[in-house]
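Text of model35.pdb, listed as PDB, C-alpha atoms:
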ATOM      1  CA  MET A   1     -12.028  -4.144   6.927
ATOM      2  CA  ASN A   2     -11.689  -7.498   5.230
ATOM      3  CA  ARG A   3      -9.133  -6.560   2.604
ATOM      4  CA  GLY A   4      -6.397  -8.943   3.719
ATOM      5  CA  ARG A   5      -5.753 -11.181   0.748
ATOM      6  CA  ARG A   6      -6.599  -8.527  -1.799
ATOM      7  CA  THR A   7      -4.094  -5.898  -0.791
ATOM      8  CA  GLU A   8      -1.426  -8.456   0.061
ATOM      9  CA  ARG A   9      -1.213  -9.400  -3.609
ATOM     10  CA  SER A  10      -0.733  -5.844  -4.807
ATOM     11  CA  ALA A  11       2.996  -5.269  -4.328
ATOM     12  CA  PRO A  12       4.131  -8.115  -6.665
ATOM     13  CA  VAL A  13       1.586  -6.913  -9.223
ATOM     14  CA  PHE A  14       3.113  -3.447  -9.306
ATOM     15  CA  GLU A  15       6.578  -4.936  -9.595
ATOM     16  CA  ALA A  16       5.443  -7.137 -12.471
ATOM     17  CA  LEU A  17       3.927  -4.131 -14.244
ATOM     18  CA  ALA A  18       7.049  -2.012 -13.858
ATOM     19  CA  ASP A  19       8.679  -3.594 -16.919
ATOM     20  CA  PRO A  20       7.552  -2.338 -20.362
ATOM     21  CA  THR A  21       8.047  -5.720 -22.048
ATOM     22  CA  ARG A  22       5.799  -7.375 -19.477
ATOM     23  CA  ARG A  23       3.162  -4.693 -20.043
ATOM     24  CA  GLU A  24       3.404  -5.442 -23.764
ATOM     25  CA  VAL A  25       2.987  -9.166 -23.111
ATOM     26  CA  LEU A  26      -0.178  -8.423 -21.126
ATOM     27  CA  ARG A  27      -1.487  -6.186 -23.885
ATOM     28  CA  ARG A  28      -0.923  -8.910 -26.512
ATOM     29  CA  LEU A  29      -2.585 -11.579 -24.393
ATOM     30  CA  SER A  30      -5.489  -9.213 -23.916
ATOM     31  CA  GLU A  31      -5.849  -8.628 -27.670
ATOM     32  CA  ASP A  32      -4.897 -12.034 -29.101
ATOM     33  CA  GLY A  33      -6.123 -14.378 -26.401
ATOM     34  CA  PRO A  34      -4.152 -17.348 -24.984
ATOM     35  CA  SER A  35      -0.702 -17.582 -26.569
ATOM     36  CA  SER A  36       2.509 -19.551 -26.204
ATOM     37  CA  ALA A  37       5.875 -18.017 -25.349
ATOM     38  CA  THR A  38       6.961 -18.747 -28.931
ATOM     39  CA  GLU A  39       4.008 -16.860 -30.402
ATOM     40  CA  LEU A  40       4.609 -13.914 -28.103
ATOM     41  CA  ALA A  41       8.357 -13.821 -28.849
ATOM     42  CA  ALA A  42       7.560 -13.616 -32.559
ATOM     43  CA  GLU A  43       5.888 -10.275 -31.934
ATOM     44  CA  LEU A  44       8.431  -8.802 -29.522
ATOM     45  CA  PRO A  45      12.028  -7.600 -29.893
ATOM     46  CA  VAL A  46      13.265 -10.064 -27.242
ATOM     47  CA  THR A  47      14.220 -13.732 -27.252
ATOM     48  CA  ARG A  48      11.818 -16.542 -26.451
ATOM     49  CA  GLN A  49      13.861 -17.205 -23.298
ATOM     50  CA  ALA A  50      13.346 -13.608 -22.157
ATOM     51  CA  VAL A  51       9.627 -13.888 -22.858
ATOM     52  CA  SER A  52       9.476 -17.069 -20.747
ATOM     53  CA  LYS A  53      11.125 -15.270 -17.828
ATOM     54  CA  HIS A  54       8.666 -12.409 -18.134
ATOM     55  CA  LEU A  55       5.766 -14.861 -18.221
ATOM     56  CA  ASP A  56       7.093 -16.493 -15.043
ATOM     57  CA  ALA A  57       7.130 -13.095 -13.310
ATOM     58  CA  LEU A  58       3.603 -12.386 -14.497
ATOM     59  CA  ALA A  59       2.443 -15.816 -13.310
ATOM     60  CA  THR A  60       4.016 -15.200  -9.879
ATOM     61  CA  ALA A  61       2.056 -11.980  -9.649
ATOM     62  CA  GLY A  62      -1.101 -13.881 -10.602
ATOM     63  CA  LEU A  63      -1.603 -11.862 -13.782
ATOM     64  CA  VAL A  64      -1.379 -14.859 -16.141
ATOM     65  CA  THR A  65      -1.942 -18.604 -15.809
ATOM     66  CA  ALA A  66      -0.479 -21.333 -17.982
ATOM     67  CA  GLU A  67      -2.106 -24.483 -19.244
ATOM     68  CA  ARG A  68      -0.574 -27.261 -21.259
ATOM     69  CA  ARG A  69      -1.885 -27.750 -24.758
ATOM     70  CA  GLY A  70       0.050 -30.806 -25.994
ATOM     71  CA  ARG A  71       3.744 -29.976 -25.821
ATOM     72  CA  GLU A  72       3.128 -26.272 -25.482
ATOM     73  CA  LYS A  73       2.181 -24.033 -22.616
ATOM     74  CA  LEU A  74      -0.486 -21.479 -23.417
ATOM     75  CA  TYR A  75      -0.661 -18.379 -21.270
ATOM     76  CA  ARG A  76      -3.887 -16.630 -20.453
ATOM     77  CA  LEU A  77      -4.643 -13.302 -18.742
ATOM     78  CA  THR A  78      -6.094 -13.403 -15.262
ATOM     79  CA  PRO A  79      -6.673  -9.707 -14.609
ATOM     80  CA  GLU A  80      -8.189  -9.886 -11.113
ATOM     81  CA  PRO A  81      -4.941  -8.943  -9.299
ATOM     82  CA  LEU A  82      -4.647  -5.932 -11.596
ATOM     83  CA  SER A  83      -8.028  -4.642 -10.586
ATOM     84  CA  GLU A  84      -7.099  -5.374  -6.972
ATOM     85  CA  ALA A  85      -4.008  -3.180  -7.386
ATOM     86  CA  MET A  86      -6.129  -0.395  -8.814
ATOM     87  CA  SER A  87      -8.574  -0.877  -5.948
ATOM     88  CA  TRP A  88      -5.737  -0.427  -3.484
ATOM     89  CA  MET A  89      -4.948   2.951  -4.984
ATOM     90  CA  VAL A  90      -8.554   4.049  -4.997
ATOM     91  CA  GLU A  91      -9.282   2.872  -1.440
ATOM     92  CA  VAL A  92      -6.103   4.182   0.130
ATOM     93  CA  GLY A  93      -6.512   7.475  -1.717
ATOM     94  CA  ALA A  94     -10.081   7.800  -0.435
ATOM     95  CA  GLU A  95      -8.942   6.964   3.101
ATOM     96  CA  TRP A  96      -6.387   9.749   3.090
ATOM     97  CA  ASP A  97      -8.856  12.208   1.561
ATOM     98  CA  ARG A  98     -11.173  11.472   4.498
ATOM     99  CA  ARG A  99      -8.437  11.706   7.122
ATOM    100  CA  LEU A 100      -6.962  14.925   5.797
ATOM    101  CA  ALA A 101     -10.392  16.560   5.568
ATOM    102  CA  SER A 102     -10.936  15.562   9.219
ATOM    103  CA  LEU A 103      -7.497  16.814  10.173
ATOM    104  CA  ARG A 104      -8.178  20.164   8.570
ATOM    105  CA  ARG A 105     -11.498  20.486  10.431
ATOM    106  CA  HIS A 106      -9.763  19.456  13.661
ATOM    107  CA  VAL A 107      -7.012  22.062  13.183
ATOM    108  CA  GLU A 108      -9.476  24.794  12.201
ATOM    109  CA  GLU A 109     -11.741  24.117  15.192
ATOM    110  CA  ASP A 110      -8.760  24.576  17.432
ATOM    111  CA  ILE A 111      -8.302  28.177  16.334
ATOM    112  CA  PRO A 112      -9.668  30.742  18.825
TER     113      PRO A 112
ATOM    114  CA  MET B   1       0.666   2.917  -9.306
ATOM    115  CA  ASP B   2       1.870   1.555  -5.985
ATOM    116  CA  ARG B   3       1.922   4.955  -4.349
ATOM    117  CA  VAL B   4      -0.714   7.424  -3.280
ATOM    118  CA  GLU B   5      -0.017  11.035  -2.379
ATOM    119  CA  ARG B   6      -2.278  13.758  -1.010
ATOM    120  CA  GLU B   7      -1.675  17.207   0.378
ATOM    121  CA  VAL B   8      -3.549  19.714   2.495
ATOM    122  CA  LEU B   9      -2.923  23.291   3.613
ATOM    123  CA  LEU B  10      -3.417  23.748   7.342
ATOM    124  CA  PRO B  11      -3.789  27.145   9.041
ATOM    125  CA  LYS B  12      -1.324  26.374  11.819
ATOM    126  CA  GLN B  13       2.450  26.361  12.197
ATOM    127  CA  PRO B  14       4.313  23.092  11.589
ATOM    128  CA  GLU B  15       4.987  22.698  15.323
ATOM    129  CA  ASP B  16       1.248  22.699  16.041
ATOM    130  CA  VAL B  17       0.483  20.400  13.118
ATOM    131  CA  TRP B  18       3.161  18.009  14.394
ATOM    132  CA  VAL B  19       1.316  17.748  17.685
ATOM    133  CA  ALA B  20      -1.988  17.124  15.920
ATOM    134  CA  VAL B  21      -0.344  14.362  13.878
ATOM    135  CA  THR B  22       1.628  12.637  16.662
ATOM    136  CA  SER B  23      -0.114  13.250  19.976
ATOM    137  CA  PRO B  24      -2.231  10.261  21.043
ATOM    138  CA  ALA B  25      -4.795  12.607  22.548
ATOM    139  CA  ARG B  26      -5.264  14.360  19.210
ATOM    140  CA  ILE B  27      -4.800  11.728  16.489
ATOM    141  CA  GLY B  28      -8.015   9.932  17.378
ATOM    142  CA  SER B  29      -9.994  13.034  16.388
ATOM    143  CA  TRP B  30      -9.120  12.749  12.722
ATOM    144  CA  PHE B  31      -7.368   9.493  11.872
ATOM    145  CA  GLY B  32     -10.366   7.195  12.104
ATOM    146  CA  ALA B  33      -8.880   4.950  14.800
ATOM    147  CA  GLU B  34      -7.647   5.058  18.376
ATOM    148  CA  VAL B  35      -3.908   5.509  17.997
ATOM    149  CA  ALA B  36      -1.075   4.921  20.443
ATOM    150  CA  ILE B  37       2.230   6.011  18.955
ATOM    151  CA  GLU B  38       5.794   6.448  20.143
ATOM    152  CA  PRO B  39       6.878   9.206  17.752
ATOM    153  CA  VAL B  40      10.567   8.293  17.730
ATOM    154  CA  ALA B  41      12.601   6.257  15.251
ATOM    155  CA  GLY B  42      12.083   2.583  16.163
ATOM    156  CA  GLY B  43       8.956   3.399  18.137
ATOM    157  CA  HIS B  44       5.754   1.407  17.801
ATOM    158  CA  ALA B  45       2.262   2.501  16.890
ATOM    159  CA  GLU B  46      -1.023   0.691  17.449
ATOM    160  CA  PHE B  47      -4.243   1.515  15.657
ATOM    161  CA  VAL B  48      -7.589   0.214  16.901
ATOM    162  CA  TYR B  49     -10.508   0.748  14.559
ATOM    163  CA  ALA B  50     -14.169   1.209  15.415
ATOM    164  CA  ASP B  51     -14.978  -2.382  14.410
ATOM    165  CA  GLY B  52     -12.380  -3.657  16.889
ATOM    166  CA  SER B  53      -9.741  -4.590  14.331
ATOM    167  CA  GLU B  54      -6.140  -3.591  14.993
ATOM    168  CA  ARG B  55      -3.025  -2.846  13.014
ATOM    169  CA  ARG B  56       0.480  -2.059  14.148
ATOM    170  CA  ALA B  57       3.235   0.012  12.632
ATOM    171  CA  VAL B  58       6.884   0.778  13.230
ATOM    172  CA  VAL B  59       8.064   4.381  13.222
ATOM    173  CA  GLU B  60      11.029   4.752  10.888
ATOM    174  CA  VAL B  61      11.621   8.498  10.936
ATOM    175  CA  ALA B  62      10.546  11.084  13.495
ATOM    176  CA  ASP B  63      12.049  14.505  12.814
ATOM    177  CA  PRO B  64       9.829  17.108  14.470
ATOM    178  CA  PRO B  65       8.274  19.153  13.114
ATOM    179  CA  HIS B  66       9.324  18.156   9.589
ATOM    180  CA  GLU B  67       8.867  14.482   8.828
ATOM    181  CA  LEU B  68       7.200  11.395  10.247
ATOM    182  CA  VAL B  69       7.462   8.000   8.553
ATOM    183  CA  PHE B  70       5.915   4.771   9.734
ATOM    184  CA  ARG B  71       5.577   1.372   8.109
ATOM    185  CA  TRP B  72       2.470  -0.773   8.543
ATOM    186  CA  LEU B  73       3.326  -4.309   9.630
ATOM    187  CA  PRO B  74       2.004  -6.867   7.134
ATOM    188  CA  PHE B  75      -0.923  -8.203   9.114
ATOM    189  CA  GLU B  76      -4.118  -7.177  10.848
ATOM    190  CA  ARG B  77      -5.870  -8.536  13.919
ATOM    191  CA  GLY B  78      -9.619  -8.789  13.415
ATOM    192  CA  PRO B  79     -12.350  -8.087  15.988
ATOM    193  CA  ALA B  80     -12.400 -11.744  17.102
ATOM    194  CA  GLY B  81      -8.609 -11.889  17.411
ATOM    195  CA  GLU B  82      -7.971 -13.634  14.088
ATOM    196  CA  VAL B  83      -4.802 -12.502  12.300
ATOM    197  CA  THR B  84      -4.773 -12.000   8.543
ATOM    198  CA  ARG B  85      -2.025 -10.909   6.177
ATOM    199  CA  ARG B  86      -2.065  -7.408   4.751
ATOM    200  CA  ALA B  87       0.307  -5.728   2.350
ATOM    201  CA  SER B  88       2.884  -3.624   4.104
ATOM    202  CA  SER B  89       3.080   0.018   3.140
ATOM    203  CA  ARG B  90       5.049   3.023   4.237
ATOM    204  CA  VAL B  91       3.293   6.233   5.255
ATOM    205  CA  ARG B  92       5.176   9.482   5.135
ATOM    206  CA  PHE B  93       4.074  12.859   6.544
ATOM    207  CA  LEU B  94       6.041  15.846   5.307
ATOM    208  CA  LEU B  95       5.319  19.179   7.009
ATOM    209  CA  GLU B  96       6.457  22.229   5.074
ATOM    210  CA  PRO B  97       6.118  25.836   6.232
ATOM    211  CA  HIS B  98       3.672  27.754   4.097
ATOM    212  CA  ALA B  99       2.449  31.347   3.984
ATOM    213  CA  GLU B 100      -0.882  30.112   5.345
ATOM    214  CA  GLY B 101       0.652  27.865   7.988
ATOM    215  CA  THR B 102       1.709  24.347   6.951
ATOM    216  CA  ARG B 103       1.611  22.363   3.747
ATOM    217  CA  LEU B 104       1.172  18.735   4.799
ATOM    218  CA  VAL B 105       2.015  16.107   2.189
ATOM    219  CA  VAL B 106       1.086  12.516   2.974
ATOM    220  CA  SER B 107       2.172   9.557   0.874
ATOM    221  CA  GLU B 108       1.531   5.849   1.253
ATOM    222  CA  GLU B 109       3.593   3.391  -0.763
ATOM    223  CA  LEU B 110       3.444  -0.387  -0.938
ATOM    224  CA  VAL B 111       6.510  -2.320   0.190
ATOM    225  CA  GLY B 112       7.202  -6.060   0.024
ATOM    226  CA  ALA B 113       5.262  -8.178   2.543
ATOM    227  CA  GLY B 114       7.109 -10.130   5.264
ATOM    228  CA  GLY B 115       5.862 -12.701   7.749
ATOM    229  CA  ILE B 116       8.906 -12.635  10.026
ATOM    230  CA  GLU B 117       7.891  -9.345  11.576
ATOM    231  CA  ALA B 118       4.589 -10.829  12.727
ATOM    232  CA  ARG B 119       6.318 -13.279  15.041
ATOM    233  CA  ARG B 120       8.763 -10.690  16.290
ATOM    234  CA  VAL B 121       5.995  -8.508  17.684
ATOM    235  CA  GLY B 122       4.010 -11.381  19.121
ATOM    236  CA  PHE B 123       1.324 -11.969  16.523
ATOM    237  CA  ARG B 124       0.831 -15.582  15.621
ATOM    238  CA  VAL B 125      -0.133 -15.684  11.973
ATOM    239  CA  GLU B 126      -2.543 -18.470  11.118
ATOM    240  CA  ALA B 127      -2.076 -19.956   7.687
ATOM    241  CA  ARG B 128      -5.149 -19.587   5.541
ATOM    242  CA  ALA B 129      -5.794 -21.642   2.430
TER     243      ALA B 129
END

Translate the structure of the given file into structure tokens.
Amino acid sequence: MNRGRRTERSAPVFEALADPTRREVLRRLSEDGPSSATELAAELPVTRQAVSKHLDALATAGLVTAERRGREKLYRLTPEPLSEAMSWMVEVGAEWDRRLASLRRHVEEDIP
Amino acid sequence: MDRVEREVLLPKQPEDVWVAVTSPARIGSWFGAEVAIEPVAGGHAEFVYADGSERRAVVEVADPPHELVFRWLPFERGPAGEVTRRASSRVRFLLEPHAEGTRLVVSEELVGAGGIEARRVGFRVEARA
């Protein structure tokens, strides 16, 4: 059961994804490739400052990384934590399916 | 996305299902681990898996035969004793009377991780790069 680091990153990922503007930022990075906060703000109904804050939250969750290109920071998608979050759902769901099927058999066997 | 929910209909009354869910002698038959649990609010639970790894939980709600809630502590002890971080999540069992016996709804939801709890219950968490 070596899922330590993977599942430990999932909670901040879900928090980061809870905001619709952040989801839109991810979608744009996915479609347009690496972009600066300025470029992203041009496409969104929020200020550049707000976009920067959202990018910080996404970076904390490991969903984007930033690299300097001259005076600008370009942000790039790093989707691995997202697939880890999905994996959490799939694995935990499968675990409970197994347990509840066993529980039902256990309860049924107990009936005279 | 940070929450999983499943349900099952069981052909027994909630009182009997409660015993199957909380009695140490019975849980092992279906949970997939040896379980020692104090089914009272504030009680502890220990889960030992077939590969020798262990996890602990704290019982938050125990309201027989209606509701049991426990929260996994954010770490796991491996077969060789090594401690690794895990996300903490809250597991909730809701037992509802049903025409056929009991409708059991189980949910597991991620909560924020915390390292302080590890030290409080005696695990020494080793930092890993």

Within 9 Å of chain A: residues of chain B, using only C-alpha atoms, as a short mmCIF file (atom, residue, chain, number, x, y, z; two decimals) with C-alpha atoms, in the coordinates of the input:
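iface.cif, written as the output of this step:
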data_model
loop_
_atom_site.label_atom_id
_atom_site.label_comp_id
_atom_site.auth_asym_id
_atom_site.auth_seq_id
_atom_site.Cartn_x
_atom_site.Cartn_y
_atom_site.Cartn_z
CA MET B 1 0.67 2.92 -9.31
CA ASP B 2 1.87 1.56 -5.98
CA ARG B 3 1.92 4.96 -4.35
CA VAL B 4 -0.71 7.42 -3.28
CA GLU B 5 -0.02 11.04 -2.38
CA ARG B 6 -2.28 13.76 -1.01
CA GLU B 7 -1.68 17.21 0.38
CA VAL B 8 -3.55 19.71 2.50
CA LEU B 9 -2.92 23.29 3.61
CA LEU B 10 -3.42 23.75 7.34
CA PRO B 11 -3.79 27.14 9.04
CA LYS B 12 -1.32 26.37 11.82
CA ASP B 16 1.25 22.70 16.04
CA VAL B 17 0.48 20.40 13.12
CA ALA B 20 -1.99 17.12 15.92
CA VAL B 21 -0.34 14.36 13.88
CA ARG B 26 -5.26 14.36 19.21
CA ILE B 27 -4.80 11.73 16.49
CA SER B 29 -9.99 13.03 16.39
CA TRP B 30 -9.12 12.75 12.72
CA PHE B 31 -7.37 9.49 11.87
CA GLY B 32 -10.37 7.20 12.10
CA ASP B 51 -14.98 -2.38 14.41
CA SER B 53 -9.74 -4.59 14.33
CA PRO B 74 2.00 -6.87 7.13
CA PHE B 75 -0.92 -8.20 9.11
CA GLU B 76 -4.12 -7.18 10.85
CA GLY B 78 -9.62 -8.79 13.42
CA THR B 84 -4.77 -12.00 8.54
CA ARG B 85 -2.02 -10.91 6.18
CA ARG B 86 -2.06 -7.41 4.75
CA ALA B 87 0.31 -5.73 2.35
CA SER B 88 2.88 -3.62 4.10
CA VAL B 106 1.09 12.52 2.97
CA SER B 107 2.17 9.56 0.87
CA GLU B 108 1.53 5.85 1.25
CA LEU B 110 3.44 -0.39 -0.94
CA VAL B 111 6.51 -2.32 0.19
CA GLY B 112 7.20 -6.06 0.02
CA ALA B 113 5.26 -8.18 2.54
#

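When CA of Arg92 in chain B is paired with CA of Ala61 in chain A, their separation reads 26.2 Å.
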
Check your understanding: Taking into account all atoms listed in the file, which residue in the set A:Gly62, A:Pro20, A:Gly33, A:Pro45 is nearest to Thr78 in chain A?
Key ->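 Comparing A:Gly62, A:Pro20, A:Gly33, A:Pro45 against Thr78 in chain A, the winner is A:Gly62.
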
Check your understanding: What lies within 7 Å of Pro65 in chain B using all atoms listed in the file, ignoring chain neighbours under 5 positions off, as a PyMOL selection string?
Key -> chain B and resi 14-15+18+95

Review point. What is the distance between CA of Ser36 in chain A and CA of Pro81 in chain A, in Å to one decimal?
Key: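 Value for the CA of Ser36 in chain A-CA of Pro81 in chain A distance: 21.3 Å.
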
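Once the PyMOL selection byres ((chain A and resi 73) around 12) is applied to this file, the selection holds A:Pro34, A:Ser35, A:Ser36, A:Ala37, A:Thr38, A:Glu39, A:Leu40, A:Ser52, A:Leu55, A:Asp56, A:Val64, A:Thr65, A:Ala66, A:Glu67, A:Arg68, A:Arg69, A:Gly70, A:Arg71, A:Glu72, A:Leu74, A:Tyr75, A:Arg76.
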
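Of note, CA of Leu77 in chain A and CA of Val46 in chain A are spaced 20.1 Å apart.
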
Exercise for review: Find the residues around Tyr49 in chain B up to 9 Å (all atoms listed in the file counted), leave out those fewer than 3 positions away in its own chain, and share them as an NGL selection string.
Suggested key: :B and (32-35 or 52-55)
